[in-house]
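Okay, upload-v6.cif is below, mmCIF, C-alpha atoms and all ligand atoms:
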```cif
data_target
loop_
_atom_site.label_atom_id
_atom_site.label_comp_id
_atom_site.auth_asym_id
_atom_site.auth_seq_id
_atom_site.Cartn_x
_atom_site.Cartn_y
_atom_site.Cartn_z
CA MET I 1 69.03 96.46 93.56
CA LYS I 2 71.48 94.13 95.36
CA HIS I 3 70.97 93.47 99.08
CA TYR I 4 73.69 92.99 101.69
CA ASP I 5 73.88 93.01 105.50
CA VAL I 6 76.88 95.35 105.67
CA ILE I 7 78.44 97.55 102.98
CA ILE I 8 82.00 98.81 103.58
CA VAL I 9 83.42 101.72 101.58
CA GLY I 10 87.25 101.60 101.41
CA ALA I 11 89.50 98.53 101.25
CA GLY I 12 92.58 99.97 102.97
CA LEU I 13 94.01 98.32 106.10
CA ILE I 14 90.96 99.03 108.23
CA GLY I 15 88.07 98.41 105.79
CA SER I 16 89.57 95.12 104.53
CA ALA I 17 90.31 93.85 108.04
CA LEU I 18 86.75 94.71 109.13
CA ALA I 19 85.22 92.75 106.23
CA LEU I 20 87.37 89.71 107.11
CA LEU I 21 86.59 89.91 110.84
CA LEU I 22 82.85 90.00 110.09
CA ALA I 23 83.08 87.13 107.60
CA LYS I 24 85.06 85.02 110.07
CA ASP I 25 82.64 85.37 112.97
CA SER I 26 79.21 85.54 111.27
CA ASN I 27 77.19 84.63 108.19
CA LEU I 28 76.66 88.29 107.28
CA LYS I 29 76.62 89.12 103.55
CA ILE I 30 79.22 91.83 103.00
CA ALA I 31 80.01 94.12 100.04
CA VAL I 32 83.22 96.16 99.84
CA PHE I 33 83.72 99.11 97.47
CA GLU I 34 87.25 100.36 96.77
CA ARG I 35 88.07 103.25 94.47
CA SER I 36 91.53 101.97 93.47
CA PRO I 37 92.38 98.78 91.56
CA GLN I 38 93.12 95.67 93.64
CA LEU I 39 96.76 95.68 94.77
CA GLU I 40 98.87 93.22 92.80
CA TYR I 41 101.43 90.78 94.10
CA ASN I 42 104.39 92.84 95.23
CA LEU I 43 107.67 91.19 96.13
CA HIS I 44 109.43 94.42 96.96
CA PRO I 45 109.29 95.94 100.41
CA ASN I 46 107.81 99.45 100.44
CA GLN I 47 108.77 102.63 102.26
CA ARG I 48 105.57 102.86 104.28
CA VAL I 49 105.66 100.81 107.48
CA VAL I 50 103.25 100.86 110.42
CA ALA I 51 104.23 100.02 114.00
CA LEU I 52 101.41 97.83 115.27
CA GLY I 53 100.74 96.85 118.87
CA SER I 54 99.07 93.77 120.28
CA VAL I 55 95.41 94.67 119.54
CA ALA I 56 96.13 95.31 115.86
CA THR I 57 98.40 92.28 115.41
CA GLY I 58 95.85 90.20 117.38
CA VAL I 59 93.24 91.15 114.73
CA LEU I 60 95.66 90.25 111.91
CA ASP I 61 96.40 86.93 113.62
CA ASP I 62 92.70 86.25 114.14
CA ILE I 63 91.96 86.58 110.43
CA GLY I 64 94.99 84.49 109.48
CA ILE I 65 97.24 87.19 108.00
CA LEU I 66 100.05 87.61 110.53
CA SER I 67 101.75 84.29 109.67
CA LYS I 68 101.61 85.03 105.92
CA PHE I 69 104.20 87.85 105.83
CA GLY I 70 107.67 87.19 104.48
CA ARG I 71 110.38 88.22 106.97
CA GLU I 72 111.20 91.40 105.03
CA PHE I 73 107.60 92.64 105.48
CA CYS I 74 107.09 92.07 109.21
CA HIS I 75 109.64 92.49 111.99
CA SER I 76 109.17 92.35 115.73
CA TYR I 77 110.75 95.04 117.90
CA GLU I 78 111.74 94.71 121.52
CA ARG I 79 112.95 98.11 122.64
CA MET I 80 112.18 101.78 122.21
CA PHE I 81 114.57 104.67 122.78
CA VAL I 82 113.41 108.30 122.80
CA TRP I 83 115.78 111.25 123.10
CA ASP I 84 115.73 114.99 122.64
CA GLU I 85 118.09 117.07 120.50
CA ASN I 86 117.86 120.06 122.82
CA SER I 87 117.93 118.58 126.30
CA GLU I 88 119.58 115.76 128.21
CA GLY I 89 116.27 113.88 128.51
CA GLU I 90 116.12 110.21 127.49
CA LEU I 91 113.51 107.49 127.77
CA ALA I 92 114.20 103.78 127.26
CA PHE I 93 111.64 100.96 127.16
CA CYS I 94 112.39 97.27 126.97
CA ALA I 95 109.88 94.43 126.47
CA ALA I 96 111.88 91.99 128.62
CA GLU I 97 111.83 94.39 131.61
CA GLN I 98 108.04 94.23 131.48
CA GLN I 99 108.03 90.41 131.04
CA LEU I 100 106.88 90.82 127.44
CA GLU I 101 108.18 88.99 124.39
CA ARG I 102 108.05 92.11 122.21
CA LEU I 103 106.63 95.63 122.04
CA GLY I 104 105.00 95.05 118.64
CA PHE I 105 105.62 94.47 114.95
CA MET I 106 106.77 96.78 112.17
CA ILE I 107 104.57 95.84 109.22
CA ASP I 108 104.86 96.88 105.57
CA SER I 109 101.48 98.57 105.13
CA VAL I 110 101.21 98.01 101.35
CA GLN I 111 101.99 94.29 101.71
CA CYS I 112 99.51 94.04 104.57
CA THR I 113 96.72 95.68 102.54
CA LEU I 114 97.58 93.43 99.58
CA LEU I 115 97.30 90.25 101.70
CA LEU I 116 94.02 91.45 103.23
CA GLN I 117 92.56 92.22 99.78
CA GLN I 118 93.63 88.82 98.41
CA LEU I 119 91.95 87.06 101.32
CA MET I 120 88.77 89.15 100.90
CA VAL I 121 88.55 88.24 97.22
CA ALA I 122 88.88 84.54 98.14
CA THR I 123 86.12 84.75 100.79
CA PRO I 124 82.72 83.82 99.28
CA GLN I 125 80.77 85.86 101.86
CA ILE I 126 82.45 89.08 100.67
CA THR I 127 81.67 90.70 97.31
CA CYS I 128 84.51 93.04 96.31
CA HIS I 129 84.11 95.91 93.86
CA PHE I 130 87.46 97.48 92.94
CA GLN I 131 87.75 100.66 90.84
CA SER I 132 84.26 101.54 92.05
CA ASP I 133 82.79 104.90 91.15
CA LEU I 134 80.33 105.75 93.90
CA GLN I 135 77.66 108.29 93.03
CA ARG I 136 75.30 108.85 95.91
CA LEU I 137 74.21 107.68 99.36
CA GLN I 138 70.56 107.73 100.37
CA LEU I 139 69.51 107.02 103.93
CA GLY I 140 65.97 105.68 104.45
CA ALA I 141 63.95 104.16 107.28
CA ASP I 142 65.19 100.61 106.56
CA GLY I 143 68.81 101.26 105.63
CA ALA I 144 71.34 102.82 103.28
CA THR I 145 71.21 102.74 99.47
CA LEU I 146 74.45 103.26 97.61
CA SER I 147 74.31 104.21 93.93
CA THR I 148 77.24 103.34 91.71
CA ILE I 149 77.76 103.76 87.97
CA GLY I 150 76.76 100.08 87.50
CA GLY I 151 73.60 100.00 89.70
CA ALA I 152 72.57 100.27 93.33
CA CYS I 153 72.85 98.24 96.51
CA HIS I 154 71.23 98.37 99.89
CA ALA I 155 72.10 97.34 103.47
CA PRO I 156 70.92 98.11 106.99
CA LEU I 157 74.46 99.34 107.74
CA ILE I 158 77.08 101.11 105.64
CA VAL I 159 80.58 101.65 107.09
CA ALA I 160 82.92 104.46 106.05
CA ALA I 161 86.50 103.13 105.96
CA ASP I 162 87.51 105.44 103.12
CA GLY I 163 90.24 107.37 104.91
CA ALA I 164 90.78 110.88 106.22
CA ASN I 165 89.00 112.62 103.31
CA SER I 166 86.06 110.22 103.54
CA TRP I 167 83.53 110.59 100.69
CA LEU I 168 80.95 108.61 102.63
CA ARG I 169 81.30 110.83 105.73
CA GLY I 170 80.49 113.83 103.50
CA GLN I 171 77.51 112.05 101.92
CA ALA I 172 76.17 111.21 105.40
CA LYS I 173 76.59 114.92 106.29
CA ILE I 174 78.83 114.22 109.26
CA PHE I 175 81.11 117.15 109.98
CA ALA I 176 84.83 116.62 110.66
CA ASN I 177 87.16 119.06 112.33
CA HIS I 178 90.36 119.43 110.34
CA HIS I 179 93.81 120.55 111.52
CA ASP I 180 96.72 120.97 109.12
CA TYR I 181 100.06 120.68 110.97
CA GLN I 182 101.75 122.43 107.99
CA GLN I 183 104.25 119.59 108.12
CA GLN I 184 105.24 116.70 105.88
CA GLY I 185 106.34 113.25 107.00
CA ILE I 186 109.25 112.01 104.86
CA VAL I 187 109.20 108.24 104.60
CA ALA I 188 112.00 106.00 103.24
CA ARG I 189 113.81 102.69 103.81
CA ILE I 190 117.38 102.94 104.99
CA GLN I 191 120.28 100.66 105.95
CA THR I 192 122.58 101.58 108.81
CA SER I 193 126.18 100.46 109.40
CA ASP I 194 125.53 99.91 113.13
CA SER I 195 122.88 97.47 114.34
CA HIS I 196 119.43 98.91 115.07
CA GLN I 197 119.20 96.40 117.95
CA ASP I 198 115.51 95.71 117.20
CA THR I 199 114.84 99.10 118.72
CA ALA I 200 112.37 101.77 117.60
CA TRP I 201 114.37 105.02 117.84
CA GLN I 202 112.66 108.39 118.12
CA ARG I 203 114.49 111.69 118.33
CA PHE I 204 112.74 114.99 118.97
CA LEU I 205 114.55 117.53 116.79
CA SER I 206 113.80 121.26 116.83
CA SER I 207 112.45 120.79 113.29
CA GLY I 208 110.11 117.89 114.26
CA PRO I 209 110.24 114.23 115.36
CA LEU I 210 112.35 111.63 113.55
CA ALA I 211 111.38 107.95 113.95
CA ILE I 212 113.51 104.97 112.92
CA LEU I 213 111.47 101.77 112.72
CA PRO I 214 113.60 98.56 112.71
CA LEU I 215 113.13 95.96 109.94
CA ALA I 216 114.84 92.74 108.87
CA ASP I 217 118.49 92.68 107.63
CA ASN I 218 119.34 95.75 109.66
CA GLN I 219 117.16 97.93 107.44
CA SER I 220 114.80 100.50 108.95
CA SER I 221 111.95 102.67 107.80
CA ILE I 222 112.10 106.36 108.70
CA VAL I 223 109.32 108.87 109.34
CA TRP I 224 110.94 112.30 109.47
CA SER I 225 108.47 115.11 110.18
CA ALA I 226 109.35 118.72 109.38
CA ASP I 227 107.49 121.87 108.44
CA ASN I 228 106.52 122.14 104.76
CA GLU I 229 109.38 124.42 103.74
CA ARG I 230 112.09 122.38 105.44
CA ALA I 231 110.60 119.10 104.20
CA ALA I 232 110.65 120.44 100.62
CA ALA I 233 114.32 121.39 101.08
CA MET I 234 115.12 117.90 102.44
CA MET I 235 113.30 116.25 99.54
CA SER I 236 115.34 118.31 97.06
CA LEU I 237 118.69 117.06 98.46
CA ASP I 238 120.41 114.32 96.49
CA ASP I 239 120.60 110.89 98.17
CA GLU I 240 124.09 111.42 99.56
CA GLN I 241 123.28 114.82 101.07
CA PHE I 242 120.03 113.47 102.51
CA CYS I 243 121.85 110.55 104.17
CA GLU I 244 124.43 112.94 105.63
CA SER I 245 121.75 115.13 107.18
CA LEU I 246 119.94 112.03 108.49
CA GLN I 247 123.17 110.76 110.08
CA SER I 248 123.72 114.05 111.80
CA ALA I 249 120.03 114.28 112.89
CA LEU I 250 120.55 110.89 114.56
CA GLY I 251 123.70 112.14 116.29
CA GLN I 252 125.58 109.26 114.58
CA LYS I 253 123.68 106.81 116.87
CA LEU I 254 123.31 104.21 114.10
CA GLY I 255 126.51 104.87 112.15
CA ASP I 256 126.50 105.47 108.39
CA VAL I 257 123.15 105.62 106.61
CA THR I 258 122.38 104.42 103.06
CA LEU I 259 119.04 104.86 101.30
CA ARG I 260 117.30 101.63 100.23
CA SER I 261 114.22 103.21 98.62
CA LYS I 262 112.94 106.45 97.16
CA ARG I 263 111.79 109.13 99.59
CA VAL I 264 108.07 109.94 99.73
CA ALA I 265 106.54 112.90 101.61
CA PHE I 266 103.04 112.78 103.18
CA PRO I 267 101.20 115.91 104.40
CA LEU I 268 100.48 115.65 108.14
CA GLN I 269 96.99 116.46 109.30
CA SER I 270 94.61 115.52 112.04
CA GLN I 271 90.91 115.17 111.64
CA LYS I 272 88.11 114.20 113.96
CA ALA I 273 84.50 113.53 113.07
CA ASP I 274 81.83 115.12 115.30
CA THR I 275 80.13 111.76 115.62
CA TYR I 276 81.09 108.21 114.60
CA PHE I 277 77.55 107.26 113.56
CA LYS I 278 74.18 108.14 112.19
CA ARG I 279 71.31 105.70 111.85
CA HIS I 280 72.54 103.07 109.29
CA VAL I 281 76.05 104.64 109.04
CA ALA I 282 79.26 104.06 111.05
CA LEU I 283 82.73 105.59 110.65
CA VAL I 284 85.95 103.65 111.39
CA GLY I 285 89.71 104.26 111.10
CA ASP I 286 90.96 107.47 109.50
CA ALA I 287 87.42 108.26 108.26
CA ALA I 288 86.51 108.83 111.94
CA HIS I 289 89.86 110.22 113.19
CA SER I 290 93.33 110.75 111.81
CA ILE I 291 96.20 111.89 114.02
CA HIS I 292 99.82 113.06 113.83
CA PRO I 293 102.02 109.97 113.23
CA LEU I 294 104.57 110.99 115.86
CA ALA I 295 103.80 108.01 118.10
CA GLY I 296 102.60 105.67 115.33
CA GLN I 297 99.08 105.23 116.68
CA GLY I 298 96.70 105.97 113.74
CA ALA I 299 96.22 102.44 112.40
CA ASN I 300 96.33 100.99 115.93
CA LEU I 301 93.28 103.09 116.83
CA GLY I 302 91.55 102.00 113.60
CA PHE I 303 92.09 98.32 114.48
CA LYS I 304 90.58 98.96 117.91
CA ASP I 305 87.54 100.56 116.20
CA ILE I 306 86.86 97.54 114.01
CA LYS I 307 87.43 95.09 116.85
CA SER I 308 84.77 96.88 118.86
CA LEU I 309 82.32 97.38 115.95
CA SER I 310 82.61 93.80 114.67
CA SER I 311 82.08 92.31 118.12
CA LEU I 312 78.80 94.28 118.36
CA LEU I 313 77.70 93.40 114.81
CA VAL I 314 78.36 89.65 114.96
CA THR I 315 76.26 89.29 118.12
CA SER I 316 73.42 91.49 116.85
CA GLU I 317 70.11 90.49 115.25
CA LYS I 318 70.29 91.29 111.52
CA SER I 319 67.37 93.70 111.91
CA ALA I 320 69.37 95.75 114.47
CA LEU I 321 72.63 96.08 112.48
CA GLY I 322 72.24 99.79 111.75
CA SER I 323 70.28 100.68 114.86
CA LEU I 324 71.06 103.73 116.93
CA THR I 325 71.39 101.61 120.10
CA LEU I 326 74.11 99.42 118.60
CA LEU I 327 75.97 102.32 116.99
CA GLN I 328 75.81 104.40 120.17
CA LYS I 329 77.51 101.51 122.01
CA TYR I 330 80.22 101.48 119.34
CA GLN I 331 80.82 105.22 119.69
CA ARG I 332 80.93 105.01 123.50
CA SER I 333 83.57 102.30 123.33
CA ARG I 334 85.90 104.22 121.00
CA LYS I 335 85.48 108.00 120.78
CA GLY I 336 86.94 108.84 124.21
CA ASP I 337 90.06 106.69 123.67
CA ASN I 338 90.66 108.10 120.16
CA GLU I 339 90.23 111.71 121.29
CA GLN I 340 92.52 111.22 124.28
CA THR I 341 95.26 109.85 122.00
CA ASP I 342 94.77 112.73 119.56
CA LEU I 343 95.07 115.20 122.44
CA MET I 344 98.27 113.54 123.66
CA MET I 345 99.79 113.71 120.16
CA SER I 346 98.89 117.41 119.86
CA LEU I 347 100.37 118.13 123.31
CA LEU I 348 103.58 116.27 122.53
CA HIS I 349 103.79 118.06 119.20
CA THR I 350 103.41 121.46 120.90
CA LEU I 351 105.78 120.58 123.75
CA TYR I 352 108.56 119.54 121.38
CA GLN I 353 108.03 122.44 118.97
CA SER I 354 109.01 124.96 121.63
CA ASN I 355 112.67 125.81 122.18
CA MET I 356 112.24 128.30 125.01
CA PRO I 357 115.03 127.65 127.58
CA LEU I 358 112.60 127.02 130.46
CA TRP I 359 110.66 124.49 128.39
CA LEU I 360 113.89 122.75 127.38
CA THR I 361 114.95 122.30 131.01
CA ALA I 362 111.47 121.09 132.01
CA ARG I 363 111.43 118.70 129.04
CA GLY I 364 114.81 117.18 129.95
CA LEU I 365 113.87 116.82 133.63
CA GLY I 366 110.44 115.43 132.71
CA MET I 367 111.91 112.74 130.45
CA SER I 368 114.51 111.73 133.06
CA TRP I 369 111.78 111.56 135.70
CA LEU I 370 109.59 109.41 133.45
CA ASN I 371 112.54 107.15 132.71
CA ALA I 372 113.08 106.57 136.43
CA SER I 373 109.41 105.84 137.20
CA GLU I 374 108.56 102.17 136.55
CA ARG I 375 104.82 102.72 136.99
CA ILE I 376 104.59 105.56 134.48
CA LYS I 377 106.82 103.65 132.08
CA ARG I 378 104.44 100.70 132.22
CA LEU I 379 101.58 103.08 131.28
CA LEU I 380 103.62 104.54 128.42
CA ILE I 381 104.47 101.05 127.15
CA LYS I 382 100.75 100.21 127.18
CA GLN I 383 100.14 103.33 125.09
CA ALA I 384 103.02 102.55 122.71
CA MET I 385 101.75 98.99 122.27
CA GLY I 386 98.31 100.28 121.31
CA LEU I 387 96.64 98.58 124.32
C1 LIG X 401 103.86 109.08 107.55
C2 LIG X 401 102.87 108.24 108.31
C3 LIG X 401 103.30 107.24 109.17
C4 LIG X 401 102.40 106.46 109.91
N1 LIG X 401 102.85 105.51 110.77
C5 LIG X 401 101.97 104.79 111.52
C6 LIG X 401 102.41 103.80 112.45
O1 LIG X 401 103.61 103.56 112.64
N2 LIG X 401 101.48 103.13 113.19
C7 LIG X 401 100.14 103.37 113.04
O2 LIG X 401 99.33 102.73 113.74
N3 LIG X 401 99.69 104.28 112.15
C8 LIG X 401 100.56 104.99 111.38
N4 LIG X 401 100.11 105.92 110.49
C9 LIG X 401 98.65 106.09 110.30
C10 LIG X 401 98.06 104.98 109.40
O3 LIG X 401 98.80 104.91 108.20
C11 LIG X 401 96.59 105.25 109.11
O4 LIG X 401 95.92 105.50 110.33
C12 LIG X 401 95.92 104.06 108.41
O5 LIG X 401 96.59 103.74 107.23
C13 LIG X 401 94.46 104.38 108.12
O6 LIG X 401 93.88 103.30 107.45
P1 LIG X 401 92.42 103.42 106.84
O7 LIG X 401 92.16 102.08 106.19
O8 LIG X 401 91.47 103.93 107.85
O9 LIG X 401 92.50 104.57 105.73
P2 LIG X 401 93.33 104.59 104.36
O10 LIG X 401 94.61 103.86 104.49
O11 LIG X 401 93.35 106.01 103.92
O12 LIG X 401 92.41 103.73 103.36
C14 LIG X 401 91.21 104.25 102.81
C15 LIG X 401 90.84 103.43 101.58
O13 LIG X 401 89.59 103.94 101.06
C16 LIG X 401 89.69 104.10 99.65
N5 LIG X 401 88.76 105.16 99.25
C17 LIG X 401 88.88 106.50 99.46
N6 LIG X 401 87.80 107.14 98.93
C18 LIG X 401 86.98 106.19 98.39
C19 LIG X 401 85.72 106.22 97.69
N7 LIG X 401 85.09 107.38 97.46
N8 LIG X 401 85.21 105.05 97.27
C20 LIG X 401 85.84 103.86 97.52
N9 LIG X 401 87.03 103.77 98.16
C21 LIG X 401 87.59 104.92 98.60
C22 LIG X 401 91.15 104.46 99.42
O14 LIG X 401 91.54 104.17 98.09
C23 LIG X 401 91.86 103.55 100.44
O15 LIG X 401 92.12 102.27 99.91
C24 LIG X 401 101.00 106.70 109.76
C25 LIG X 401 100.55 107.70 108.89
C26 LIG X 401 101.47 108.48 108.18
C27 LIG X 401 100.97 109.58 107.26
#
```

Before we go any further, please render this structure as structure tokens.
Amino acid sequence: MKHYDVIIVGAGLIGSALALLLAKDSNLKIAVFERSPQLEYNLHPNQRVVALGSVATGVLDDIGILSKFGREFCHSYERMFVWDENSEGELAFCAAEQQLERLGFMIDSVQCTLLLQQLMVATPQITCHFQSDLQRLQLGADGATLSTIGGACHAPLIVAADGANSWLRGQAKIFANHHDYQQQGIVARIQTSDSHQDTAWQRFLSSGPLAILPLADNQSSIVWSADNERAAAMMSLDDEQFCESLQSALGQKLGDVTLRSKRVAFPLQSQKADTYFKRHVALVGDAAHSIHPLAGQGANLGFKDIKSLSSLLVTSEKSALGSLTLLQKYQRSRKGDNEQTDLMMSLLHTLYQSNMPLWLTARGLGMSWLNASERIKRLLIKQAMGL
């Protein structure tokens, strides 16, 4: 039996960043188990990009990752423009107007995970097990025992960072409410003939939201959400036809569009766990909550989770790491915020799905009113920046 202070299951963005935060601020002995092989050095930008606000990028900076990205993997954005296909409503945000340097960074999520995993492997306090095959979790009075094909290990606290379909959450018998939006998010890299102006563009189409996330060299990453049937039809178009329909969905705002990567479609679901803890077990990131990507908040919420959990763990006595008191504090600091964001995403989704004439007028007026109100805009910017 091997003994650790904290075991983390899942070395995606959130699990890896948690391990590094803990190692940086404490002498805790940490083990990380990841089902997939370690990511290998990848010079090519990927389709999947996450828009990260200041809490998330603050965490990446804190653990020494933010300065390690090549320019094609991390791009700051200064403006956001939201408009509606079916009404006159428009919303524009600008960092400079709020005396900010930027609204956030667009970060290649594969490259980010790769850098985090490399740093974990080079950190002596962290023992990494890639291609792990976890068998069973047992919870006892003094902690959690995890059985793998190769043996067993024990810790006073085990953290589930293994994503929306968390194995560990199931083993701990924590129930999660699941909602399938019956939509897919089509993700791809594109190049546009007109400048993206370091602006995140979001258009609400009758078929679902379309986001254009600005990257270096006037490239952008798109997340185009549509119901399953329509998404399948869009995926079956050839590249030229797809670019034509993207151009017209953007109302020609960014000129001609060329694809710079393959298209990949992700099913869109939301999930929320009943509780974020049990004695000796904590849930973080998508294992605790996953939401519709329409405002790009999922990973931002996960980074807030690990910031809160790690600050409690590094100041705790080792004997209290998996205690109910500590884990209750963690849940209190995060569950309300996560559920409020999930509710907002569901409301926005419902609001923009409806094409009833009265709704359309209200939507257009509402957006124009929001655009004119500096105070509300400041609140929305805070939300968009993941603050
Ligand atoms: C189309 C799309 C666009 C998005 N855009 C944004 C955005 O702009 N901004 C934003 O903030 N968020 C965005 N998100 C959400 C964001 O991608 C997720 O919230 C985030 O990646 C969750 O990270 P995670 O580490 O919690 O989970 P995951 O990324 O799912 O990682 C879980 C890890 O656990 C491993 N694992 C799973 N099971 C096991 C097991 N049994 N044993 C060991 N390891 C296991 C997996 O291999 C994986 O490495 C988007 C999501 C989608 C679908």

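Nearest-residue note for I:Ile222: choosing from I:Pro267, I:Gly185, I:Gly15, I:Pro124, the minimum distance belongs to I:Gly185, counting all atoms listed in the file.
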
request  = Just the residues within 9 Å of stretch 55-67 of chain I, please, counting all atoms listed in the file, with nothing from its chain fewer than 3 positions along; format it as a PyMOL selection string.
outcome  = chain I and resi 17+20-21+24+52+70+74+104-105+112+115-116+119+299-304+307+385-387

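Atom pair atom CA of I:Gln191 / atom CA of I:Arg260 has a distance of 6.5 Å (rounded to one decimal).
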
At a cut-off of 6 Å, can you tabulate as CSV every residue of chain I near ligand LIG 401 (chain X) together with its closest atom pair and the distance in Å to one decimal, using all atoms listed in the file and ordering rows by chain then number?
```
residue,atom,partner,partner_atom,distance
I:Val9,CA,X:LIG401,C20,5.2
I:Gly10,CA,X:LIG401,O13,3.3
I:Ala11,CA,X:LIG401,O15,4.8
I:Gly12,CA,X:LIG401,O12,3.8
I:Leu13,CA,X:LIG401,O7,4.2
I:Ile14,CA,X:LIG401,O7,3.9
I:Gly15,CA,X:LIG401,O7,5.5
I:Phe33,CA,X:LIG401,C20,5.2
I:Glu34,CA,X:LIG401,N9,3.7
I:Arg35,CA,X:LIG401,C20,3.8
I:Ser36,CA,X:LIG401,O14,5.1
I:Val50,CA,X:LIG401,O1,3.5
I:Ala51,CA,X:LIG401,O1,3.8
I:Leu52,CA,X:LIG401,O2,5.5
I:Leu134,CA,X:LIG401,N8,6.0
I:Ala161,CA,X:LIG401,O8,5.4
I:Asp162,CA,X:LIG401,O13,3.3
I:Gly163,CA,X:LIG401,O11,3.5
I:Ala164,CA,X:LIG401,O11,6.0
I:Ser166,CA,X:LIG401,N6,5.8
I:Trp167,CA,X:LIG401,N7,4.8
I:Gly185,CA,X:LIG401,C1,4.9
I:Val223,CA,X:LIG401,C1,5.7
I:Phe266,CA,X:LIG401,C27,5.6
I:Gly285,CA,X:LIG401,O8,3.7
I:Asp286,CA,X:LIG401,O8,3.9
I:Ala287,CA,X:LIG401,O8,5.9
I:Pro293,CA,X:LIG401,C4,4.8
I:Gly296,CA,X:LIG401,C6,3.4
I:Gln297,CA,X:LIG401,O2,3.9
I:Gly298,CA,X:LIG401,O4,3.5
I:Ala299,CA,X:LIG401,O2,3.4
I:Asn300,CA,X:LIG401,O2,4.1
```

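Candidate residues I:Phe73, I:Gln328, I:Arg203, I:Ile186 were compared for distance to I:Ala265, and the nearest is I:Ile186, using all atoms listed in the file.
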
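From atom CA of I:Asp274 back to atom CA of I:His178, the distance works out to 10.8 Å.
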
message = For I:Thr325, find every residue with an atom within 10 Å (counting only C-alpha atoms), except residues of its own chain fewer than 5 positions away, and show them as a PyMOL selection string.
response = chain I and resi 279+320+330

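If only C-alpha atoms are the atoms counted, then among I:Ala226, I:Leu139, I:Val281, I:Ile306 the closest residue to I:Gln184 is I:Ala226.
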
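Closest approach to I:Asn177 from the set I:Lys272, I:Arg189, I:His129, I:Arg48 is made by I:Lys272, with distances taken over all atoms listed in the file.
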
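When atom CA of I:Lys68 is paired with atom CA of I:Ala122, their separation reads 14.9 Å.
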
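Among the candidates I:Gln38, I:Asn165, I:Thr258, I:Ser308, the one nearest to I:Ser290 when counting all atoms listed in the file is I:Asn165.
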
request  = Please check which residues have atoms at most 9 Å from (82.6, 109.1, 113.9) in the file's coordinates, counting only C-alpha atoms, and write them as a VMD selection string.
outcome  = chain I and resid 169 174 176 272 to 278 282 to 284 287 to 289 331 335

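If you measure from each of I:Leu313, I:Leu43, I:Ile7, I:Val110 to I:Val159 using all atoms listed in the file, the closest one turns out to be I:Ile7.
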
ask   = Which polymer residues have any atom within 8 Å of an atom of I:Asn46, counting only C-alpha atoms, with same-chain residues fewer than 3 positions away left out, as a ChimeraX atom specification?
value = /I:49,108-111,189,261

inquiry  = Taking 3 positions as the minimum chain separation for residues in the same chain, which residues sit within 7 Å of I:Ala31 when counting only C-alpha atoms? Answer as an MDAnalysis selection string.
reply    = chainID I and resid 4 6:8 126:128
